[in-house]
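Peer 1: Provided herewith is a single structure, encoded as structure tokens, for subsequent inquiry.
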Amino acid sequence: MTGAICGGVNTRYQGRVRFEGYRRYDLVGKPSKSYKVAFRRMIKAFAEGDYKRADVIFWADYYDPEVLCEIVRR
């Protein structure tokens, strides 16, 4: 996503987790410039807590947030 005009600037990744029955997500850590760092934080929080859902979102200055990956406990 680097080097292209439509890649966006100031891109950030954020991990989130959510309990079952809740509507709002809890943010995990702080926004990161690396997808791998946000993914690891999300996985660690999901494994340690009793969460139902976890995901990593991506956003840039001119674009809406977009979910890149999601984990669901069944």
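Naming works like this for the structure tokens: A, B, ... for the chains as they're shown, residue 1 at the start of each chain, ligands 1 onward in shown order.
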If we count only C-alpha atoms, what is near Glu20 in chain A at a cut-off of 8 Å, once residues fewer than 5 positions away on the same chain are taken out, given as number ranges by chain?
Peer 2: A: 51-53
Peer 1: Can you spit out the residues from that selection as an mmCIF file, in the first residue's frame, using all heavy atoms?
Peer 2:
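Output (out.cif):
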data_model
loop_
_atom_site.group_PDB
_atom_site.id
_atom_site.type_symbol
_atom_site.label_atom_id
_atom_site.label_comp_id
_atom_site.auth_asym_id
_atom_site.auth_seq_id
_atom_site.Cartn_x
_atom_site.Cartn_y
_atom_site.Cartn_z
ATOM 1 N N TYR A 51 -13.545 -12.873 25.172
ATOM 2 C CA TYR A 51 -14.184 -12.070 24.136
ATOM 3 C C TYR A 51 -14.867 -12.949 23.105
ATOM 4 O O TYR A 51 -14.466 -14.087 22.875
ATOM 5 C CB TYR A 51 -13.148 -11.181 23.439
ATOM 6 C CG TYR A 51 -12.551 -10.148 24.346
ATOM 7 C CD1 TYR A 51 -11.256 -10.267 24.835
ATOM 8 C CD2 TYR A 51 -13.284 -9.030 24.713
ATOM 9 C CE1 TYR A 51 -10.711 -9.315 25.664
ATOM 10 C CE2 TYR A 51 -12.743 -8.070 25.553
ATOM 11 C CZ TYR A 51 -11.464 -8.217 26.017
ATOM 12 O OH TYR A 51 -10.932 -7.270 26.846
ATOM 13 N N LYS A 52 -15.894 -12.404 22.475
ATOM 14 C CA LYS A 52 -16.625 -13.109 21.415
ATOM 15 C C LYS A 52 -16.043 -12.800 20.044
ATOM 16 O O LYS A 52 -15.970 -13.666 19.181
ATOM 17 C CB LYS A 52 -18.107 -12.692 21.471
ATOM 18 C CG LYS A 52 -18.958 -13.183 20.343
ATOM 19 C CD LYS A 52 -19.273 -14.643 20.441
ATOM 20 C CE LYS A 52 -20.240 -15.021 19.344
ATOM 21 N NZ LYS A 52 -20.586 -16.399 19.374
ATOM 22 N N ARG A 53 -15.660 -11.538 19.825
ATOM 23 C CA ARG A 53 -15.157 -11.091 18.523
ATOM 24 C C ARG A 53 -13.926 -10.232 18.678
ATOM 25 O O ARG A 53 -13.771 -9.526 19.662
ATOM 26 C CB ARG A 53 -16.187 -10.215 17.824
ATOM 27 C CG ARG A 53 -17.157 -10.935 17.033
ATOM 28 C CD ARG A 53 -18.110 -9.985 16.343
ATOM 29 N NE ARG A 53 -19.301 -10.718 16.035
ATOM 30 C CZ ARG A 53 -19.421 -11.483 14.972
ATOM 31 N NH1 ARG A 53 -18.451 -11.562 14.105
ATOM 32 N NH2 ARG A 53 -20.512 -12.168 14.768
#
Peer 1: From a backbone DSSP assignment, name each residue in chain A labelled alpha helix (DSSP H), as a ChimeraX atom specification.
Peer 2: /A:35-48
Peer 1: Using the selection just defined, write its residues with N, CA and C atoms as a PDB file, in the first residue's frame.
Peer 2:
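Done, and the output landed in result30.pdb:
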ATOM      1  N   TYR A  35       0.588  -3.485  10.404  1.00  0.00           N
ATOM      2  CA  TYR A  35      -0.513  -4.445  10.502  1.00  0.00           C
ATOM      3  C   TYR A  35      -0.146  -5.592  11.438  1.00  0.00           C
ATOM      4  N   LYS A  36       1.101  -6.060  11.371  1.00  0.00           N
ATOM      5  CA  LYS A  36       1.537  -7.180  12.193  1.00  0.00           C
ATOM      6  C   LYS A  36       1.451  -6.853  13.681  1.00  0.00           C
ATOM      7  N   VAL A  37       1.828  -5.646  14.063  1.00  0.00           N
ATOM      8  CA  VAL A  37       1.768  -5.246  15.469  1.00  0.00           C
ATOM      9  C   VAL A  37       0.323  -5.206  15.944  1.00  0.00           C
ATOM     10  N   ALA A  38      -0.562  -4.611  15.163  1.00  0.00           N
ATOM     11  CA  ALA A  38      -1.978  -4.540  15.527  1.00  0.00           C
ATOM     12  C   ALA A  38      -2.584  -5.941  15.590  1.00  0.00           C
ATOM     13  N   PHE A  39      -2.193  -6.814  14.678  1.00  0.00           N
ATOM     14  CA  PHE A  39      -2.693  -8.189  14.660  1.00  0.00           C
ATOM     15  C   PHE A  39      -2.263  -8.950  15.911  1.00  0.00           C
ATOM     16  N   ARG A  40      -0.993  -8.811  16.297  1.00  0.00           N
ATOM     17  CA  ARG A  40      -0.491  -9.488  17.495  1.00  0.00           C
ATOM     18  C   ARG A  40      -1.204  -8.997  18.753  1.00  0.00           C
ATOM     19  N   ARG A  41      -1.425  -7.697  18.860  1.00  0.00           N
ATOM     20  CA  ARG A  41      -2.138  -7.155  20.016  1.00  0.00           C
ATOM     21  C   ARG A  41      -3.564  -7.703  20.084  1.00  0.00           C
ATOM     22  N   MET A  42      -4.214  -7.768  18.929  1.00  0.00           N
ATOM     23  CA  MET A  42      -5.579  -8.275  18.873  1.00  0.00           C
ATOM     24  C   MET A  42      -5.618  -9.750  19.288  1.00  0.00           C
ATOM     25  N   ILE A  43      -4.710 -10.569  18.774  1.00  0.00           N
ATOM     26  CA  ILE A  43      -4.654 -11.994  19.096  1.00  0.00           C
ATOM     27  C   ILE A  43      -4.390 -12.207  20.583  1.00  0.00           C
ATOM     28  N   LYS A  44      -3.465 -11.445  21.149  1.00  0.00           N
ATOM     29  CA  LYS A  44      -3.123 -11.588  22.565  1.00  0.00           C
ATOM     30  C   LYS A  44      -4.320 -11.258  23.460  1.00  0.00           C
ATOM     31  N   ALA A  45      -5.015 -10.170  23.167  1.00  0.00           N
ATOM     32  CA  ALA A  45      -6.182  -9.778  23.962  1.00  0.00           C
ATOM     33  C   ALA A  45      -7.302 -10.804  23.806  1.00  0.00           C
ATOM     34  N   PHE A  46      -7.506 -11.316  22.614  1.00  0.00           N
ATOM     35  CA  PHE A  46      -8.563 -12.301  22.360  1.00  0.00           C
ATOM     36  C   PHE A  46      -8.280 -13.594  23.116  1.00  0.00           C
ATOM     37  N   ALA A  47      -7.030 -14.016  23.158  1.00  0.00           N
ATOM     38  CA  ALA A  47      -6.664 -15.270  23.825  1.00  0.00           C
ATOM     39  C   ALA A  47      -6.748 -15.142  25.345  1.00  0.00           C
ATOM     40  N   GLU A  48      -6.384 -13.986  25.889  1.00  0.00           N
ATOM     41  CA  GLU A  48      -6.368 -13.806  27.342  1.00  0.00           C
ATOM     42  C   GLU A  48      -7.742 -13.496  27.919  1.00  0.00           C
TER      43      GLU A  48
END
Peer 1: Would you compute the distance between CA of Asp50 in chain A and CA of Arg73 in chain A? Give it in Å to one decimal.
Peer 2: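 One can read the CA of Asp50 in chain A to CA of Arg73 in chain A distance as 9.3 Å.
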Peer 1: Could you please write out, as number ranges by chain, every residue of chain A that DSSP assigns to strand (DSSP E or B)?
Peer 2: A: 12-18, 26-32, 53-60, 63-72
Peer 1: Got a sec: who's within 6 Å of Asp55 in chain A, counting only C-alpha atoms, leaving out chain neighbours fewer than 6 positions off, as a list in words?
Peer 2: Gly15, Arg16, Cys69 and Glu70 of chain A
Peer 1: How would the residues just picked look written out with N, CA, C and O atoms as a short mmCIF file (atom, residue, chain, number, x, y, z; two decimals), in the first residue's frame?
Peer 2:
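In the end it all went to again35.cif:
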data_model
loop_
_atom_site.label_atom_id
_atom_site.label_comp_id
_atom_site.auth_asym_id
_atom_site.auth_seq_id
_atom_site.Cartn_x
_atom_site.Cartn_y
_atom_site.Cartn_z
N GLY A 15 -6.31 -2.71 16.59
CA GLY A 15 -6.98 -3.94 17.01
C GLY A 15 -8.14 -3.61 17.93
O GLY A 15 -8.07 -2.68 18.73
N ARG A 16 -9.22 -4.39 17.82
CA ARG A 16 -10.40 -4.19 18.67
C ARG A 16 -10.93 -5.54 19.13
O ARG A 16 -10.79 -6.54 18.44
N CYS A 69 -9.25 -8.09 9.09
CA CYS A 69 -9.41 -9.48 9.51
C CYS A 69 -10.32 -9.52 10.73
O CYS A 69 -10.46 -8.54 11.44
N GLU A 70 -10.93 -10.70 10.98
CA GLU A 70 -11.86 -10.84 12.09
C GLU A 70 -11.79 -12.26 12.63
O GLU A 70 -11.65 -13.21 11.88
#
Peer 1: In Å, rounded to a single decimal, give me how far CA of Ala54 in chain A is from CA of Ile71 in chain A.
Peer 2: 5.2 Å
Peer 1: One decimal, Å: what's the distance from CA of Pro65 in chain A over to CA of Tyr22 in chain A, could you say?
Peer 2: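 These two atoms are separated by 19.9 Å.
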Peer 1: Counting only C-alpha atoms, what is within 8 Å of Val9 in chain A, bar same-chain residues fewer than 6 positions away, as a list in words?
Peer 2: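 Using only C-alpha atoms, the neighbours found are Ala60, Asp61 and Tyr62 of chain A.
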Peer 1: Using only C-alpha atoms, find the one residue out of A:Arg74, A:Gly49, A:Ile57, A:Asp64 that sits nearest to Gln14 in chain A.
Peer 2: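 Result for the nearest residue to Gln14 in chain A: A:Ile57.
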